[in-house]
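Asks: start-v4.cif (mmCIF, C-alpha atoms and all ligand atoms) pasted underneath:
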```
data_work
#
loop_
_atom_site.label_atom_id
_atom_site.label_comp_id
_atom_site.auth_asym_id
_atom_site.auth_seq_id
_atom_site.Cartn_x
_atom_site.Cartn_y
_atom_site.Cartn_z
CA MET A 1 -2.39 17.73 16.91
CA GLU A 2 -3.56 20.31 14.41
CA GLU A 3 -5.99 19.36 11.67
CA ILE A 4 -4.48 16.82 9.26
CA GLY A 5 -5.23 16.52 5.54
CA PHE A 6 -5.74 13.06 4.00
CA LEU A 7 -5.66 12.41 0.23
CA GLY A 8 -6.77 9.02 -1.10
CA LEU A 9 -9.53 7.01 0.57
CA GLY A 10 -9.12 3.59 -1.01
CA ILE A 11 -8.94 0.40 1.03
CA MET A 12 -5.94 1.63 3.06
CA GLY A 13 -6.60 5.37 3.14
CA LYS A 14 -10.14 4.88 4.39
CA ALA A 15 -9.08 2.48 7.15
CA MET A 16 -6.18 4.72 8.24
CA SER A 17 -8.19 7.93 8.24
CA MET A 18 -11.13 6.33 10.08
CA ASN A 19 -8.67 5.17 12.70
CA LEU A 20 -7.28 8.72 13.08
CA LEU A 21 -10.83 10.11 13.42
CA ARG A 22 -11.68 7.49 16.04
CA HIS A 23 -8.68 8.66 18.05
CA GLY A 24 -9.77 12.29 18.06
CA PHE A 25 -7.78 13.71 15.12
CA LYS A 26 -9.50 16.38 13.04
CA LEU A 27 -9.27 15.55 9.33
CA THR A 28 -9.90 17.26 6.01
CA VAL A 29 -10.16 14.57 3.33
CA TRP A 30 -10.09 14.42 -0.45
CA ASN A 31 -10.55 11.54 -2.86
CA ARG A 32 -10.61 11.57 -6.67
CA THR A 33 -14.00 9.83 -6.56
CA LEU A 34 -15.66 12.24 -4.17
CA SER A 35 -18.43 9.88 -3.00
CA ARG A 36 -15.78 7.87 -1.16
CA CYS A 37 -15.51 10.79 1.31
CA ASP A 38 -19.10 10.35 2.52
CA GLU A 39 -18.44 7.76 5.20
CA LEU A 40 -15.56 9.83 6.60
CA VAL A 41 -17.77 12.92 6.71
CA GLU A 42 -20.38 10.94 8.68
CA HIS A 43 -17.63 10.33 11.22
CA GLY A 44 -16.67 13.99 11.51
CA ALA A 45 -14.23 14.70 8.66
CA THR A 46 -14.47 17.77 6.44
CA ILE A 47 -14.15 17.55 2.63
CA GLY A 48 -11.48 19.50 0.76
CA GLU A 49 -12.40 20.16 -2.85
CA SER A 50 -8.93 19.44 -4.27
CA PRO A 51 -5.48 18.37 -3.07
CA ALA A 52 -4.44 22.05 -3.22
CA ALA A 53 -7.41 23.07 -1.03
CA VAL A 54 -6.46 20.44 1.56
CA ILE A 55 -2.82 21.56 1.62
CA LYS A 56 -3.91 25.18 1.97
CA LYS A 57 -6.01 24.34 5.02
CA CYS A 58 -3.71 21.89 6.81
CA LYS A 59 -0.17 22.13 8.15
CA TYR A 60 0.36 18.40 7.54
CA THR A 61 -1.19 16.32 4.75
CA ILE A 62 -0.95 12.54 4.32
CA ALA A 63 -1.49 10.78 0.97
CA MET A 64 -2.32 7.10 0.33
CA LEU A 65 -2.59 6.61 -3.44
CA SER A 66 -2.45 3.61 -5.73
CA ASP A 67 0.81 3.89 -7.68
CA PRO A 68 3.53 6.23 -9.05
CA ALA A 69 1.19 7.74 -11.68
CA ALA A 70 -1.41 8.62 -9.03
CA ALA A 71 1.19 9.95 -6.59
CA LEU A 72 2.69 12.22 -9.28
CA SER A 73 -0.67 13.38 -10.58
CA VAL A 74 -1.93 14.47 -7.15
CA VAL A 75 1.21 16.54 -6.61
CA PHE A 76 1.97 17.99 -10.07
CA ASP A 77 -1.41 18.30 -11.83
CA LYS A 78 -3.77 21.28 -11.75
CA ASP A 79 -5.18 21.91 -8.24
CA GLY A 80 -2.43 19.64 -6.95
CA VAL A 81 -0.29 19.68 -3.83
CA LEU A 82 2.43 21.88 -5.36
CA GLU A 83 0.06 24.81 -5.82
CA GLN A 84 -0.26 25.37 -2.07
CA ILE A 85 2.72 23.68 -0.42
CA GLY A 86 5.26 26.02 1.11
CA ALA A 87 7.25 26.92 4.20
CA GLY A 88 5.80 25.47 7.40
CA LYS A 89 3.80 22.77 5.59
CA GLY A 90 4.55 19.06 5.44
CA TYR A 91 3.51 16.40 2.92
CA ILE A 92 3.68 12.72 3.91
CA ASP A 93 3.21 10.23 1.08
CA MET A 94 2.40 6.76 2.42
CA SER A 95 1.70 5.19 -1.02
CA THR A 96 3.94 2.39 -2.28
CA VAL A 97 6.01 3.88 -5.11
CA ASP A 98 9.58 3.63 -6.38
CA ALA A 99 12.42 5.77 -5.03
CA GLU A 100 12.57 7.85 -8.23
CA THR A 101 8.92 8.92 -7.91
CA SER A 102 9.43 9.77 -4.26
CA SER A 103 12.56 11.81 -5.05
CA LYS A 104 10.78 13.79 -7.78
CA ILE A 105 8.02 14.73 -5.33
CA SER A 106 10.52 15.51 -2.59
CA GLU A 107 12.60 17.81 -4.81
CA ALA A 108 9.58 19.71 -6.12
CA ILE A 109 8.24 20.25 -2.60
CA ALA A 110 11.66 21.38 -1.35
CA LEU A 111 11.83 23.96 -4.17
CA LYS A 112 8.58 25.44 -2.79
CA GLY A 113 10.01 25.50 0.74
CA GLY A 114 7.84 22.65 2.07
CA SER A 115 8.86 19.45 3.86
CA PHE A 116 8.48 15.90 2.61
CA LEU A 117 8.44 12.44 4.11
CA GLU A 118 7.83 9.16 2.30
CA ALA A 119 6.23 6.62 4.61
CA PRO A 120 5.00 3.46 2.88
CA VAL A 121 3.51 0.84 5.15
CA SER A 122 3.74 -2.86 5.71
CA GLY A 123 0.41 -4.41 6.70
CA SER A 124 -2.93 -4.61 4.98
CA LYS A 125 -6.58 -3.60 5.49
CA LYS A 126 -7.05 -5.21 8.93
CA PRO A 127 -3.79 -3.86 10.44
CA ALA A 128 -4.76 -0.45 9.01
CA GLU A 129 -8.14 -0.64 10.75
CA ASP A 130 -6.50 -1.77 13.98
CA GLY A 131 -3.60 0.71 13.95
CA GLN A 132 -1.09 -2.12 13.55
CA LEU A 133 0.83 -1.02 10.45
CA VAL A 134 4.63 -0.95 10.21
CA ILE A 135 5.65 2.47 8.91
CA LEU A 136 8.80 2.79 6.78
CA ALA A 137 9.58 6.51 6.78
CA ALA A 138 12.41 8.45 5.15
CA GLY A 139 13.04 12.09 4.33
CA GLU A 140 12.95 15.09 6.64
CA ARG A 141 13.59 14.07 10.22
CA ALA A 142 11.82 17.12 11.67
CA LEU A 143 8.64 16.22 9.78
CA TYR A 144 8.93 12.63 11.01
CA ASP A 145 9.14 13.89 14.59
CA ALA A 146 6.18 16.21 14.06
CA ILE A 147 3.89 13.56 12.56
CA ILE A 148 4.79 10.78 15.04
CA PRO A 149 1.55 11.22 17.06
CA ALA A 150 -0.40 10.24 13.92
CA PHE A 151 2.03 7.40 13.07
CA ASP A 152 1.61 6.09 16.62
CA ILE A 153 -2.13 5.75 16.01
CA MET A 154 -1.81 4.20 12.54
CA GLY A 155 1.08 1.86 13.27
CA LYS A 156 2.52 -0.50 15.84
CA LYS A 157 6.06 0.52 14.90
CA SER A 158 7.64 3.31 12.85
CA PHE A 159 11.13 3.20 11.36
CA PHE A 160 13.04 6.28 10.24
CA LEU A 161 15.31 5.05 7.45
CA GLY A 162 17.25 8.19 6.49
CA GLN A 163 17.18 9.82 3.10
CA VAL A 164 14.23 9.83 0.68
CA GLY A 165 14.14 6.60 -1.32
CA ASN A 166 15.06 4.29 1.55
CA GLY A 167 11.44 3.90 2.65
CA ALA A 168 10.32 3.10 -0.89
CA ARG A 169 13.16 0.62 -1.39
CA MET A 170 12.52 -1.14 1.94
CA LYS A 171 8.83 -1.48 1.11
CA LEU A 172 9.58 -2.92 -2.36
CA VAL A 173 12.00 -5.49 -0.93
CA VAL A 174 9.38 -6.60 1.60
CA ASN A 175 6.64 -6.93 -1.02
CA MET A 176 8.95 -8.70 -3.46
CA ILE A 177 9.50 -11.37 -0.79
CA MET A 178 5.77 -11.49 -0.03
CA GLY A 179 4.79 -11.88 -3.69
CA SER A 180 7.24 -14.74 -4.18
CA MET A 181 5.98 -16.45 -1.01
CA MET A 182 2.37 -16.14 -2.15
CA ASN A 183 3.20 -17.90 -5.42
CA ALA A 184 5.06 -20.76 -3.71
CA PHE A 185 2.12 -21.12 -1.31
CA SER A 186 -0.38 -21.22 -4.20
CA GLU A 187 1.58 -23.91 -5.99
CA GLY A 188 1.80 -25.90 -2.76
CA LEU A 189 -1.95 -25.74 -2.17
CA VAL A 190 -2.71 -26.96 -5.68
CA LEU A 191 0.00 -29.61 -5.57
CA ALA A 192 -1.39 -30.97 -2.31
CA ASP A 193 -4.91 -31.04 -3.74
CA LYS A 194 -3.94 -32.59 -7.05
CA SER A 195 -1.77 -35.26 -5.46
CA GLY A 196 -4.64 -36.44 -3.29
CA LEU A 197 -3.96 -34.55 -0.05
CA ASP A 198 -6.37 -32.41 1.91
CA PRO A 199 -5.28 -28.75 1.52
CA GLN A 200 -6.70 -27.97 4.99
CA THR A 201 -4.35 -30.58 6.46
CA LEU A 202 -1.47 -28.92 4.59
CA LEU A 203 -2.45 -25.62 6.24
CA ASP A 204 -2.41 -27.30 9.66
CA VAL A 205 0.99 -28.86 9.00
CA LEU A 206 2.46 -25.55 7.74
CA ASP A 207 1.12 -23.69 10.73
CA LEU A 208 2.99 -25.94 13.16
CA GLY A 209 6.37 -25.74 11.45
CA ALA A 210 9.24 -23.35 10.81
CA ILE A 211 7.56 -21.67 7.83
CA ALA A 212 4.36 -20.80 9.71
CA ASN A 213 3.44 -17.16 9.14
CA PRO A 214 0.42 -14.87 9.58
CA MET A 215 -0.09 -14.53 5.81
CA PHE A 216 -0.48 -18.28 5.17
CA LYS A 217 -2.70 -18.55 8.26
CA MET A 218 -4.94 -15.67 7.24
CA LYS A 219 -5.20 -16.23 3.47
CA GLY A 220 -4.99 -20.06 3.29
CA PRO A 221 -8.55 -20.95 4.35
CA SER A 222 -10.18 -18.54 1.86
CA MET A 223 -7.80 -19.59 -0.92
CA THR A 224 -8.85 -23.22 -0.54
CA LYS A 225 -12.42 -21.99 -1.14
CA SER A 226 -11.36 -19.87 -4.16
CA SER A 227 -12.51 -16.75 -2.29
CA TYR A 228 -10.43 -13.60 -2.69
CA PRO A 229 -12.14 -10.53 -1.14
CA PRO A 230 -9.68 -7.67 -1.80
CA ALA A 231 -7.56 -6.59 1.17
CA PHE A 232 -4.47 -5.96 -0.97
CA PRO A 233 -5.53 -5.71 -4.64
CA LEU A 234 -3.57 -8.00 -6.95
CA LYS A 235 -2.92 -5.15 -9.42
CA HIS A 236 -0.99 -3.31 -6.67
CA GLN A 237 1.05 -6.42 -5.79
CA GLN A 238 2.01 -6.76 -9.46
CA LYS A 239 2.98 -3.07 -9.51
CA ASP A 240 5.23 -3.72 -6.50
CA MET A 241 6.86 -6.76 -8.18
CA ARG A 242 7.48 -4.64 -11.29
CA LEU A 243 9.06 -1.85 -9.25
CA ALA A 244 11.11 -4.31 -7.17
CA LEU A 245 12.42 -5.99 -10.33
CA ALA A 246 13.45 -2.56 -11.64
CA LEU A 247 15.35 -2.02 -8.37
CA GLY A 248 16.99 -5.39 -8.99
CA ASP A 249 17.97 -4.26 -12.51
CA GLU A 250 19.49 -1.06 -11.14
CA ASN A 251 21.58 -2.98 -8.62
CA ALA A 252 22.40 -6.00 -10.85
CA VAL A 253 20.73 -8.39 -8.40
CA PRO A 254 19.53 -11.57 -10.11
CA MET A 255 15.95 -12.33 -8.98
CA PRO A 256 14.66 -15.30 -11.00
CA VAL A 257 12.11 -16.26 -8.33
CA ALA A 258 10.63 -12.74 -8.17
CA ALA A 259 10.61 -12.54 -11.98
CA ALA A 260 8.59 -15.77 -12.18
CA ALA A 261 6.23 -14.50 -9.49
CA ASN A 262 5.74 -11.28 -11.44
CA GLU A 263 4.77 -13.31 -14.52
CA ALA A 264 2.17 -15.18 -12.46
CA PHE A 265 0.69 -11.88 -11.19
CA LYS A 266 0.63 -10.57 -14.78
CA LYS A 267 -1.13 -13.75 -15.86
CA ALA A 268 -3.68 -13.23 -13.07
CA ARG A 269 -4.29 -9.67 -14.27
CA SER A 270 -4.80 -10.96 -17.80
CA MET A 271 -7.42 -13.31 -16.36
CA GLY A 272 -9.32 -10.28 -15.02
CA LEU A 273 -8.30 -10.84 -11.37
CA GLY A 274 -6.53 -7.49 -10.79
CA ASP A 275 -9.14 -6.04 -8.42
CA LEU A 276 -9.34 -9.18 -6.28
CA ASP A 277 -6.97 -9.87 -3.40
CA PHE A 278 -3.40 -10.73 -4.43
CA SER A 279 -3.99 -14.27 -3.14
CA ALA A 280 -6.10 -14.73 -6.31
CA VAL A 281 -2.80 -15.52 -8.04
CA HIS A 282 -3.71 -19.00 -6.74
CA GLU A 283 -6.18 -19.19 -9.65
CA THR A 284 -3.32 -19.13 -12.18
CA VAL A 285 -2.38 -22.57 -10.85
CA ALA A 286 -5.74 -23.79 -9.53
CA SER A 287 -7.70 -23.08 -12.69
CA SER A 288 -5.44 -25.46 -14.63
CA LYS A 289 -5.61 -28.23 -12.03
CA GLY A 290 -8.03 -30.32 -14.08
CA SER A 291 -5.61 -30.71 -16.99
CA THR A 292 -3.00 -33.47 -17.17
N1 LIG B 301 -4.23 -2.76 0.45
C1 LIG B 301 -3.14 -3.15 1.08
O1 LIG B 301 -3.09 -4.19 1.73
C2 LIG B 301 -1.87 -2.32 1.05
C3 LIG B 301 -0.89 -2.57 2.02
C4 LIG B 301 0.28 -1.81 2.02
C5 LIG B 301 0.45 -0.83 1.05
N2 LIG B 301 -0.51 -0.63 0.11
C6 LIG B 301 -0.27 0.43 -0.88
O2 LIG B 301 -1.06 1.52 -0.48
C7 LIG B 301 -1.52 2.24 -1.64
C8 LIG B 301 -3.04 2.28 -1.63
O3 LIG B 301 -3.52 0.95 -1.66
P1 LIG B 301 -5.08 0.60 -1.53
O4 LIG B 301 -5.15 -0.86 -1.30
O5 LIG B 301 -5.74 1.53 -0.59
O6 LIG B 301 -5.55 0.90 -3.02
P2 LIG B 301 -6.99 1.25 -3.62
O7 LIG B 301 -8.06 0.72 -2.73
O8 LIG B 301 -6.94 0.82 -5.04
O9 LIG B 301 -7.05 2.86 -3.54
C9 LIG B 301 -6.27 3.65 -4.39
C10 LIG B 301 -6.50 5.11 -4.11
O10 LIG B 301 -5.74 5.88 -5.07
C11 LIG B 301 -6.63 6.78 -5.74
N3 LIG B 301 -6.15 7.05 -7.10
C12 LIG B 301 -5.83 6.14 -8.05
N4 LIG B 301 -5.41 6.78 -9.17
C13 LIG B 301 -5.49 8.10 -8.91
C14 LIG B 301 -5.19 9.26 -9.67
N5 LIG B 301 -4.71 9.19 -10.92
N6 LIG B 301 -5.39 10.47 -9.10
C15 LIG B 301 -5.87 10.56 -7.83
N7 LIG B 301 -6.17 9.50 -7.06
C16 LIG B 301 -5.96 8.27 -7.60
C17 LIG B 301 -7.98 6.10 -5.72
O11 LIG B 301 -9.00 7.04 -5.95
P3 LIG B 301 -10.45 6.55 -6.53
O12 LIG B 301 -11.25 6.18 -5.32
O13 LIG B 301 -10.97 7.76 -7.23
O14 LIG B 301 -10.19 5.41 -7.46
C18 LIG B 301 -7.96 5.56 -4.28
O15 LIG B 301 -8.23 6.58 -3.34
C19 LIG B 301 -0.92 1.49 -2.84
O16 LIG B 301 0.29 2.12 -3.20
C20 LIG B 301 -0.66 0.10 -2.29
O17 LIG B 301 0.37 -0.56 -3.00
C21 LIG B 301 -1.67 -1.33 0.10
#
```
Give the structure from this file in structure tokens form.
Replies:
Amino acid sequence: MEEIGFLGLGIMGKAMSMNLLRHGFKLTVWNRTLSRCDELVEHGATIGESPAAVIKKCKYTIAMLSDPAAALSVVFDKDGVLEQIGAGKGYIDMSTVDAETSSKISEAIALKGGSFLEAPVSGSKKPAEDGQLVILAAGERALYDAIIPAFDIMGKKSFFLGQVGNGARMKLVVNMIMGSMMNAFSEGLVLADKSGLDPQTLLDVLDLGAIANPMFKMKGPSMTKSSYPPAFPLKHQQKDMRLALALGDENAVPMPVAAAANEAFKKARSMGLGDLDFSAVHETVASSKGST
């Protein structure tokens, strides 16, 4: 493929772009904090000095940014994507945002004659490193077809979900379920511990039954040790709960379980845990386990 642009080298962007480089793609990268480009440059990437400079150089540019504010800023602000996007160029935003943010970006890019695809992903740091993400794309079909060679490296499966907004909505539904599960799991671990059971035995029992899943298996052992190295930062999970609850509001879907989970993630943020892994929500229950 031609040279690809990559904007945003956080936990996910770095892992995804390294994976593309390893598979022979040529990349021009940009990150707000420029020093985060260094490791990519050591592996053969070129630095673009702004999002606009990357768009100017590359036919296709991928973004992986933290939240709606970041996604909008990189497109609409000075030296942003809009300054250089135009006919024959494609912009693929893989950040997790709401459908409204995605639509705003899509419309602005269309007005300039460019193409847009939203493509949020399911899967965390390790699947990103291993090219095992699940890609939830929506927008321009021709751009989806053109960027598939890169998606095939980054992901184990790509879905094309139709019009812009459907990728964002699918991703929010998935993370709403995940956030609620993580809270139930945290309460279970603390309940087992406090009622005199060995949490490790609980993990073994869960893993053999109908509710076994990779997330419990992967996060459980570190949670029992109160260790939360960030793979998926808690502040982003809370953002996803907030956006999913807004989607619930829009569609009049009652979501009391998700609303309670959101409160727990907010509590965790207020405890200063936002930059840790989202499994640190466990601390909102565990840190009160000594009280009666
Ligand atoms: N981590 C996961 O497991 C996971 C899984 C699936 C989806 N996601 C989603 O993927 C996206 C990225 O997640 P991540 O874990 O990689 O997050 P992260 O490590 O916090 O990285 C966020 C990236 O966004 C950039 N950024 C933040 N605000 C910005 C702004 N105003 N202008 C320009 N750039 C800005 C950061 O730049 P700086 O380096 O300058 O701060 C960084 O490159 C999020 O939407 C997240 O919800 C994450």
Asks: Which one of A:Ser279, A:Ser195, A:Thr101, A:Ser50 sits closest to Asp67 (chain A) if you count all atoms listed in the file?
Replies: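 Going through A:Ser279, A:Ser195, A:Thr101, A:Ser50 one by one, the smallest distance to Asp67 (chain A) is for A:Thr101.
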Asks: Could you jot down the CA of Val281 (chain A) to CA of Leu191 (chain A) separation for me, Å, one decimal place?
Replies: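 Spanning CA of Val281 (chain A) to CA of Leu191 (chain A) is a straight-line distance of 14.6 Å.
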Asks: For the atom pair CA of Ile177 (chain A) and CA of Leu161 (chain A), what is the interatomic distance in Å to one decimal place?
Replies: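 If I compute the distance from CA of Ile177 (chain A) to CA of Leu161 (chain A), I get 19.3 Å.
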Asks: Applying 8 Å and all atoms listed in the file, which residues near Asn183 (chain A) remain after dropping the ones on its own chain fewer than 6 positions away? List them as a VMD selection string.
Replies: chain A and resid 261 264 281 to 282
Asks: Report, in Å to a single decimal, how far apart CA of Leu273 (chain A) and CA of Asp240 (chain A) are.
Replies: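 Between these atoms lies a distance of 16.0 Å.
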Asks: Just want the residues within 6 Å of ligand LIG 301 (chain B), written as a list in words, counting all atoms listed in the file.
Replies: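 If we count all atoms listed in the file, the neighbours of ligand LIG 301 (chain B) turn out to be Gly8, Leu9, Gly10, Ile11, Met12, Gly13, Asn31, Arg32, Thr33, Met64, Leu65, Ser66, Asp67, Ala70, Ser73, Val74, Ser95, Thr96, Val121, Ser122, Gly123, Ser124, Lys125, Ala231, Phe232, Pro233 and His236 of chain A.
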Asks: Show which residues sit within 6 Å of Gln132 (chain A), as a PDB file with C-alpha atoms, in the frame of the given file. Count only C-alpha atoms, and ignore same-chain residues fewer than 3 positions away.
Replies:
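File written: around33.pdb
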```pdb
ATOM      1  CA  PRO A 127      -3.790  -3.860  10.440  1.00  0.00           C
ATOM      2  CA  GLY A 155       1.080   1.860  13.270  1.00  0.00           C
ATOM      3  CA  LYS A 156       2.520  -0.500  15.840  1.00  0.00           C
TER       4      LYS A 156
END
```
Asks: Would you kindly return, as a list in words, each protein, DNA or RNA residue with an atom no farther than 7 Å from any atom of Met16 (chain A), considering all atoms listed in the file and excluding same-chain residues fewer than 2 positions away?
Replies: Met12, Gly13, Lys14, Met18, Asn19, Leu20, Ala128, Glu129 and Met154 of chain A
Asks: Once you have the residues from the selection above, write them out as a PDB file, in the frame of the given file, restricted to C-alpha atoms.
Replies:
```pdb
ATOM      1  CA  MET A  12      -5.940   1.630   3.060  1.00  0.00           C
ATOM      2  CA  GLY A  13      -6.600   5.370   3.140  1.00  0.00           C
ATOM      3  CA  LYS A  14     -10.140   4.880   4.390  1.00  0.00           C
ATOM      4  CA  MET A  18     -11.130   6.330  10.080  1.00  0.00           C
ATOM      5  CA  ASN A  19      -8.670   5.170  12.700  1.00  0.00           C
ATOM      6  CA  LEU A  20      -7.280   8.720  13.080  1.00  0.00           C
ATOM      7  CA  ALA A 128      -4.760  -0.450   9.010  1.00  0.00           C
ATOM      8  CA  GLU A 129      -8.140  -0.640  10.750  1.00  0.00           C
ATOM      9  CA  MET A 154      -1.810   4.200  12.540  1.00  0.00           C
TER      10      MET A 154
END
```
Asks: Could you list, with a cut-off of 10 Å and counting all atoms listed in the file, the residues of region 83-160 of chain A near region 243-259 of chain A, each shown with its nearest atom pair and the distance in Å rounded to one decimal, rows sorted by chain and ascending number, as JSON lines?
Replies:
```
{"residue": "A:Thr96", "atom": "CA", "partner": "A:Leu243", "partner_atom": "CA", "distance": 9.6}
{"residue": "A:Val97", "atom": "CA", "partner": "A:Leu243", "partner_atom": "CA", "distance": 7.7}
{"residue": "A:Asp98", "atom": "CA", "partner": "A:Leu243", "partner_atom": "CA", "distance": 6.2}
{"residue": "A:Ala99", "atom": "CA", "partner": "A:Leu247", "partner_atom": "CA", "distance": 9.0}
```
